[in-house]
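What follows is a short report on a single structure.
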Amino acid sequence: MAGMFESARRPLKPAEKRFLQAKTKNLLGRGRRTSKVYLPIVAAITVILWLVTIFIPDAPWYVITVFWLVVGAVLALWVARDAKKDALELQSMAYGLQSALKRNAADVYDVQAKSFVEFEEIEDEGASYAFELEDGRVLFISGQEFYPGAKFPSLDFSLVYFLDEAGQTVDMQIEKRGGRASPQRLIPAAIKERLEIPEHLETRPGGIAHLEDHLEAPELS
């Protein structure tokens with residue numbers, strides 16, 4: 001039967017706490033540096049443009065100076081607004097990680113698979129896979145964080161979702177146990193468009209041998 005893959009909740013490991021602490025520090029530091037970096041750049045660009053245009057014939061220097069002062073001020077206000085927005089977003093992410101450290105809990109999805117297929121990406125929707133588990137079910141995994149890399153894909157791994165004090169996921173890590181694996185086959189985008197791909201961490205019965213037949217949309221079958 002179709003359903004969601006089961007998770008187990010456990011306390012954070014020491015290495016995971018260090019990861020969250022380091023990421024929190026990095027986010028807060030980036031937030032503090034945002035305005036300090038952008039505003040001097042705006043000022044430098046404004047001065048350069050003023051120097052270039054100050055030598056235009058028949059243009060009074062004070063008119064050019066006032067013009068670039070106004071333009072520079074408008075740009076500075078615009079950049080400051082965006083920089084503040086970015087800093088607040090980074091700060092919010094950091095506070096979420098701090099909350100996760102206080103909660104000290106993670107939902108862990110342990111995956112042990114026999115093989116898997118990869119779906120070709122359409123536009124920027126993220127990577128997508130179907131893993132045939134040891135118990136015969138097919139587990140679907142998808143998202144921007146699952147592009148092939150050093151830790152993924154593999155046939156033996158865990159997805160660790162860190163929870164804040166409200167029980168919401170604030171970050172995720174891939175814990176790899178087995179070596180990096182290659183897909184049994186790649187399902188092309190032209191075929192994927194005809195399929196109803198289950199949601200992330202959803203399971204379906206059966207294997208991956210005839211997966212396309214099982215997932216084909218009813219109106220197209």
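Identifiers for the structure tokens are assigned positionally: chains receive A, B, ... in sequence, residues are indexed from 1 per chain, and ligands are indexed from 1 in the order shown.
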
For Thr24 of chain A, work out the shell of residues within 10 Å, counting only C-alpha atoms and skipping chain neighbours fewer than 3 positions away, then give it as an MDAnalysis selection string. chainID A and resid 18:21 27:30 90:91 93:98

Any idea what's packed within 9 Å of segment 140-143 of chain A, counting only C-alpha atoms, ignoring anything in its chain fewer than 5 positions away? Could you give it as a PyMOL selection string? chain A and resi 125-131+197-204

Kindly save the residues from that selection, with N, CA and C atoms included, as a tab-separated table (two decimals), in the first residue's frame.
```tsv
chain	number	residue	atom	x	y	z
A	125	GLU	N	13.20	21.78	-10.93
A	125	GLU	CA	12.38	21.19	-9.89
A	125	GLU	C	13.19	20.42	-8.85
A	126	GLY	N	14.47	20.15	-9.14
A	126	GLY	CA	15.29	19.40	-8.21
A	126	GLY	C	15.48	17.95	-8.65
A	127	ALA	N	16.37	17.26	-7.96
A	127	ALA	CA	16.63	15.86	-8.28
A	127	ALA	C	15.50	14.98	-7.79
A	128	SER	N	15.35	13.82	-8.43
A	128	SER	CA	14.25	12.92	-8.07
A	128	SER	C	14.69	11.47	-8.31
A	129	TYR	N	14.39	10.60	-7.33
A	129	TYR	CA	14.80	9.21	-7.38
A	129	TYR	C	13.69	8.30	-6.87
A	130	ALA	N	13.79	7.03	-7.27
A	130	ALA	CA	12.93	5.98	-6.72
A	130	ALA	C	13.83	4.83	-6.27
A	131	PHE	N	13.84	4.55	-4.96
A	131	PHE	CA	14.70	3.51	-4.39
A	131	PHE	C	13.86	2.26	-4.11
A	197	ILE	N	4.45	11.37	-10.24
A	197	ILE	CA	5.53	11.05	-9.31
A	197	ILE	C	5.04	11.29	-7.87
A	198	PRO	N	5.13	10.29	-7.00
A	198	PRO	CA	4.72	10.48	-5.60
A	198	PRO	C	5.55	11.56	-4.91
A	199	GLU	N	5.06	12.03	-3.79
A	199	GLU	CA	5.72	13.07	-3.02
A	199	GLU	C	7.00	12.55	-2.36
A	200	HIS	N	7.84	13.49	-1.93
A	200	HIS	CA	9.06	13.15	-1.21
A	200	HIS	C	8.76	12.30	0.01
A	201	LEU	N	9.49	11.18	0.16
A	201	LEU	CA	9.37	10.22	1.25
A	201	LEU	C	8.07	9.40	1.21
A	202	GLU	N	7.38	9.43	0.09
A	202	GLU	CA	6.21	8.57	-0.07
A	202	GLU	C	6.66	7.22	-0.61
A	203	THR	N	5.96	6.16	-0.23
A	203	THR	CA	6.31	4.82	-0.69
A	203	THR	C	5.16	4.23	-1.51
A	204	ARG	N	5.54	3.31	-2.38
A	204	ARG	CA	4.58	2.56	-3.18
A	204	ARG	C	4.99	1.08	-3.17
```

Near Val108 of chain A, counting only C-alpha atoms, which residues have an atom at most 7 Å away, once you skip same-chain residues fewer than 3 positions from it, shown as JSON, numbers by chain? {"A": [7, 8, 9, 158, 159, 160, 161]}

Next, the residues of the selection above should be written as a short mmCIF file (atom, residue, chain, number, x, y, z; two decimals), in the first residue's frame with C-alpha atoms.
```cif
data_model
loop_
_atom_site.label_atom_id
_atom_site.label_comp_id
_atom_site.auth_asym_id
_atom_site.auth_seq_id
_atom_site.Cartn_x
_atom_site.Cartn_y
_atom_site.Cartn_z
CA SER A 7 11.00 7.80 10.68
CA ALA A 8 12.58 7.38 14.10
CA ARG A 9 13.10 10.28 16.50
CA SER A 158 19.90 8.21 6.43
CA LEU A 159 18.08 11.50 6.05
CA VAL A 160 18.34 13.44 9.31
CA TYR A 161 15.80 16.24 9.77
#
```

Atomic distance atom CA of Glu6 of chain A - atom CA of Gln184 of chain A, expressed in Å with one decimal: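 Distance reported for this atom pair: 24.5 Å.
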
Could you state the separation of atom CA of Glu216 of chain A and atom CA of Glu193 of chain A in Å, given to one decimal place?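 A separation of 9.2 Å between them.
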
Between A:Phe162, A:Phe67, A:Phe157, A:Phe119, which has the minimum distance to Lys102 of chain A (counting only C-alpha atoms)?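 Answer, going by the shortest atom-to-atom distance: A:Phe162.
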
Interatomic distance, atom CA of Val111 of chain A to atom CA of Pro153 of chain A (Å, one decimal):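 Atom CA of Pro153 of chain A lies at a distance of 11.1 Å from atom CA of Val111 of chain A.
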
Could you give me, as a ChimeraX atom specification, each residue of segment 18-125 of chain A that DSSP assigns to helix (DSSP H, G or I) when run on this structure's backbone? /A:18-53,61-103

Go ahead and save the picked residues with C-alpha atoms, as a PDB file, in the first residue's frame.
```
ATOM      1  CA  ARG A  18      28.638  21.017  16.189  1.00  0.00           C
ATOM      2  CA  PHE A  19      27.245  21.267  12.655  1.00  0.00           C
ATOM      3  CA  LEU A  20      24.268  23.319  13.826  1.00  0.00           C
ATOM      4  CA  GLN A  21      26.429  25.550  16.013  1.00  0.00           C
ATOM      5  CA  ALA A  22      28.872  26.226  13.164  1.00  0.00           C
ATOM      6  CA  LYS A  23      26.055  26.943  10.705  1.00  0.00           C
ATOM      7  CA  THR A  24      24.348  29.281  13.210  1.00  0.00           C
ATOM      8  CA  LYS A  25      27.579  31.229  13.686  1.00  0.00           C
ATOM      9  CA  ASN A  26      28.065  31.455   9.919  1.00  0.00           C
ATOM     10  CA  LEU A  27      24.528  32.724   9.293  1.00  0.00           C
ATOM     11  CA  LEU A  28      24.746  35.388  12.012  1.00  0.00           C
ATOM     12  CA  GLY A  29      28.134  36.504  10.693  1.00  0.00           C
ATOM     13  CA  ARG A  30      26.822  36.779   7.140  1.00  0.00           C
ATOM     14  CA  GLY A  31      23.887  38.832   8.379  1.00  0.00           C
ATOM     15  CA  ARG A  32      26.173  41.302  10.151  1.00  0.00           C
ATOM     16  CA  ARG A  33      28.433  41.619   7.111  1.00  0.00           C
ATOM     17  CA  THR A  34      25.648  42.238   4.616  1.00  0.00           C
ATOM     18  CA  SER A  35      25.242  46.000   4.978  1.00  0.00           C
ATOM     19  CA  LYS A  36      28.931  46.515   5.717  1.00  0.00           C
ATOM     20  CA  VAL A  37      29.800  45.029   2.324  1.00  0.00           C
ATOM     21  CA  TYR A  38      27.085  46.405   0.066  1.00  0.00           C
ATOM     22  CA  LEU A  39      27.008  50.059   1.116  1.00  0.00           C
ATOM     23  CA  PRO A  40      30.741  50.728   0.537  1.00  0.00           C
ATOM     24  CA  ILE A  41      30.387  49.145  -2.904  1.00  0.00           C
ATOM     25  CA  VAL A  42      27.525  51.507  -3.758  1.00  0.00           C
ATOM     26  CA  ALA A  43      29.566  54.474  -2.546  1.00  0.00           C
ATOM     27  CA  ALA A  44      32.602  53.402  -4.611  1.00  0.00           C
ATOM     28  CA  ILE A  45      30.519  52.958  -7.777  1.00  0.00           C
ATOM     29  CA  THR A  46      28.890  56.368  -7.274  1.00  0.00           C
ATOM     30  CA  VAL A  47      32.264  58.079  -6.849  1.00  0.00           C
ATOM     31  CA  ILE A  48      33.659  56.372  -9.955  1.00  0.00           C
ATOM     32  CA  LEU A  49      30.688  57.451 -12.050  1.00  0.00           C
ATOM     33  CA  TRP A  50      30.994  60.990 -10.669  1.00  0.00           C
ATOM     34  CA  LEU A  51      34.676  61.108 -11.638  1.00  0.00           C
ATOM     35  CA  VAL A  52      33.887  59.858 -15.146  1.00  0.00           C
ATOM     36  CA  THR A  53      31.149  62.418 -15.779  1.00  0.00           C
ATOM     37  CA  TRP A  61      30.550  70.419 -11.895  1.00  0.00           C
ATOM     38  CA  TYR A  62      28.084  71.231  -9.129  1.00  0.00           C
ATOM     39  CA  VAL A  63      25.118  70.000 -11.188  1.00  0.00           C
ATOM     40  CA  ILE A  64      26.886  66.692 -11.849  1.00  0.00           C
ATOM     41  CA  THR A  65      27.871  66.435  -8.193  1.00  0.00           C
ATOM     42  CA  VAL A  66      24.314  67.005  -6.952  1.00  0.00           C
ATOM     43  CA  PHE A  67      22.980  64.525  -9.512  1.00  0.00           C
ATOM     44  CA  TRP A  68      25.310  61.736  -8.348  1.00  0.00           C
ATOM     45  CA  LEU A  69      24.708  62.558  -4.691  1.00  0.00           C
ATOM     46  CA  VAL A  70      20.982  62.061  -5.254  1.00  0.00           C
ATOM     47  CA  VAL A  71      21.490  58.907  -7.313  1.00  0.00           C
ATOM     48  CA  GLY A  72      23.941  57.543  -4.740  1.00  0.00           C
ATOM     49  CA  ALA A  73      21.519  58.225  -1.897  1.00  0.00           C
ATOM     50  CA  VAL A  74      18.663  56.478  -3.703  1.00  0.00           C
ATOM     51  CA  LEU A  75      20.859  53.487  -4.485  1.00  0.00           C
ATOM     52  CA  ALA A  76      22.096  53.370  -0.902  1.00  0.00           C
ATOM     53  CA  LEU A  77      18.537  53.361   0.456  1.00  0.00           C
ATOM     54  CA  TRP A  78      17.511  50.657  -1.998  1.00  0.00           C
ATOM     55  CA  VAL A  79      20.524  48.490  -1.186  1.00  0.00           C
ATOM     56  CA  ALA A  80      20.110  49.078   2.555  1.00  0.00           C
ATOM     57  CA  ARG A  81      16.490  47.921   2.360  1.00  0.00           C
ATOM     58  CA  ASP A  82      17.418  44.723   0.536  1.00  0.00           C
ATOM     59  CA  ALA A  83      20.435  44.163   2.786  1.00  0.00           C
ATOM     60  CA  LYS A  84      18.225  44.484   5.880  1.00  0.00           C
ATOM     61  CA  LYS A  85      15.757  42.002   4.397  1.00  0.00           C
ATOM     62  CA  ASP A  86      18.557  39.527   3.648  1.00  0.00           C
ATOM     63  CA  ALA A  87      20.035  40.003   7.117  1.00  0.00           C
ATOM     64  CA  LEU A  88      16.660  39.334   8.763  1.00  0.00           C
ATOM     65  CA  GLU A  89      16.208  36.158   6.709  1.00  0.00           C
ATOM     66  CA  LEU A  90      19.658  34.911   7.718  1.00  0.00           C
ATOM     67  CA  GLN A  91      18.942  35.820  11.338  1.00  0.00           C
ATOM     68  CA  SER A  92      15.644  33.934  11.231  1.00  0.00           C
ATOM     69  CA  MET A  93      17.411  30.845   9.859  1.00  0.00           C
ATOM     70  CA  ALA A  94      20.029  31.112  12.606  1.00  0.00           C
ATOM     71  CA  TYR A  95      17.361  31.391  15.306  1.00  0.00           C
ATOM     72  CA  GLY A  96      15.710  28.261  13.883  1.00  0.00           C
ATOM     73  CA  LEU A  97      18.968  26.345  14.234  1.00  0.00           C
ATOM     74  CA  GLN A  98      19.410  27.637  17.782  1.00  0.00           C
ATOM     75  CA  SER A  99      15.910  26.414  18.549  1.00  0.00           C
ATOM     76  CA  ALA A 100      16.839  23.011  17.135  1.00  0.00           C
ATOM     77  CA  LEU A 101      19.822  22.856  19.468  1.00  0.00           C
ATOM     78  CA  LYS A 102      17.513  23.538  22.403  1.00  0.00           C
ATOM     79  CA  ARG A 103      14.993  20.930  21.213  1.00  0.00           C
TER      80      ARG A 103
END
```

Which residue gives the smallest distance to Ser115 of chain A among A:Met4, A:Glu165, A:Glu145, A:Ile208, with only C-alpha atoms counted?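 Among the listed residues, the smallest separation from Ser115 of chain A belongs to A:Ile208.
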
Restricting the calculation to only C-alpha atoms, which member of A:Glu121, A:Asp171, A:Asp58, A:Asp110 is positioned closest to Ala189 of chain A?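 Counting only C-alpha atoms, the residue closest to Ala189 of chain A is A:Glu121.
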
Skip Ile187 of chain A itself and residues of its chain fewer than 3 positions away, then list as an NGL selection string all residues within 9 Å of it, counting only C-alpha atoms. :A and (117-120 or 190-192 or 212)
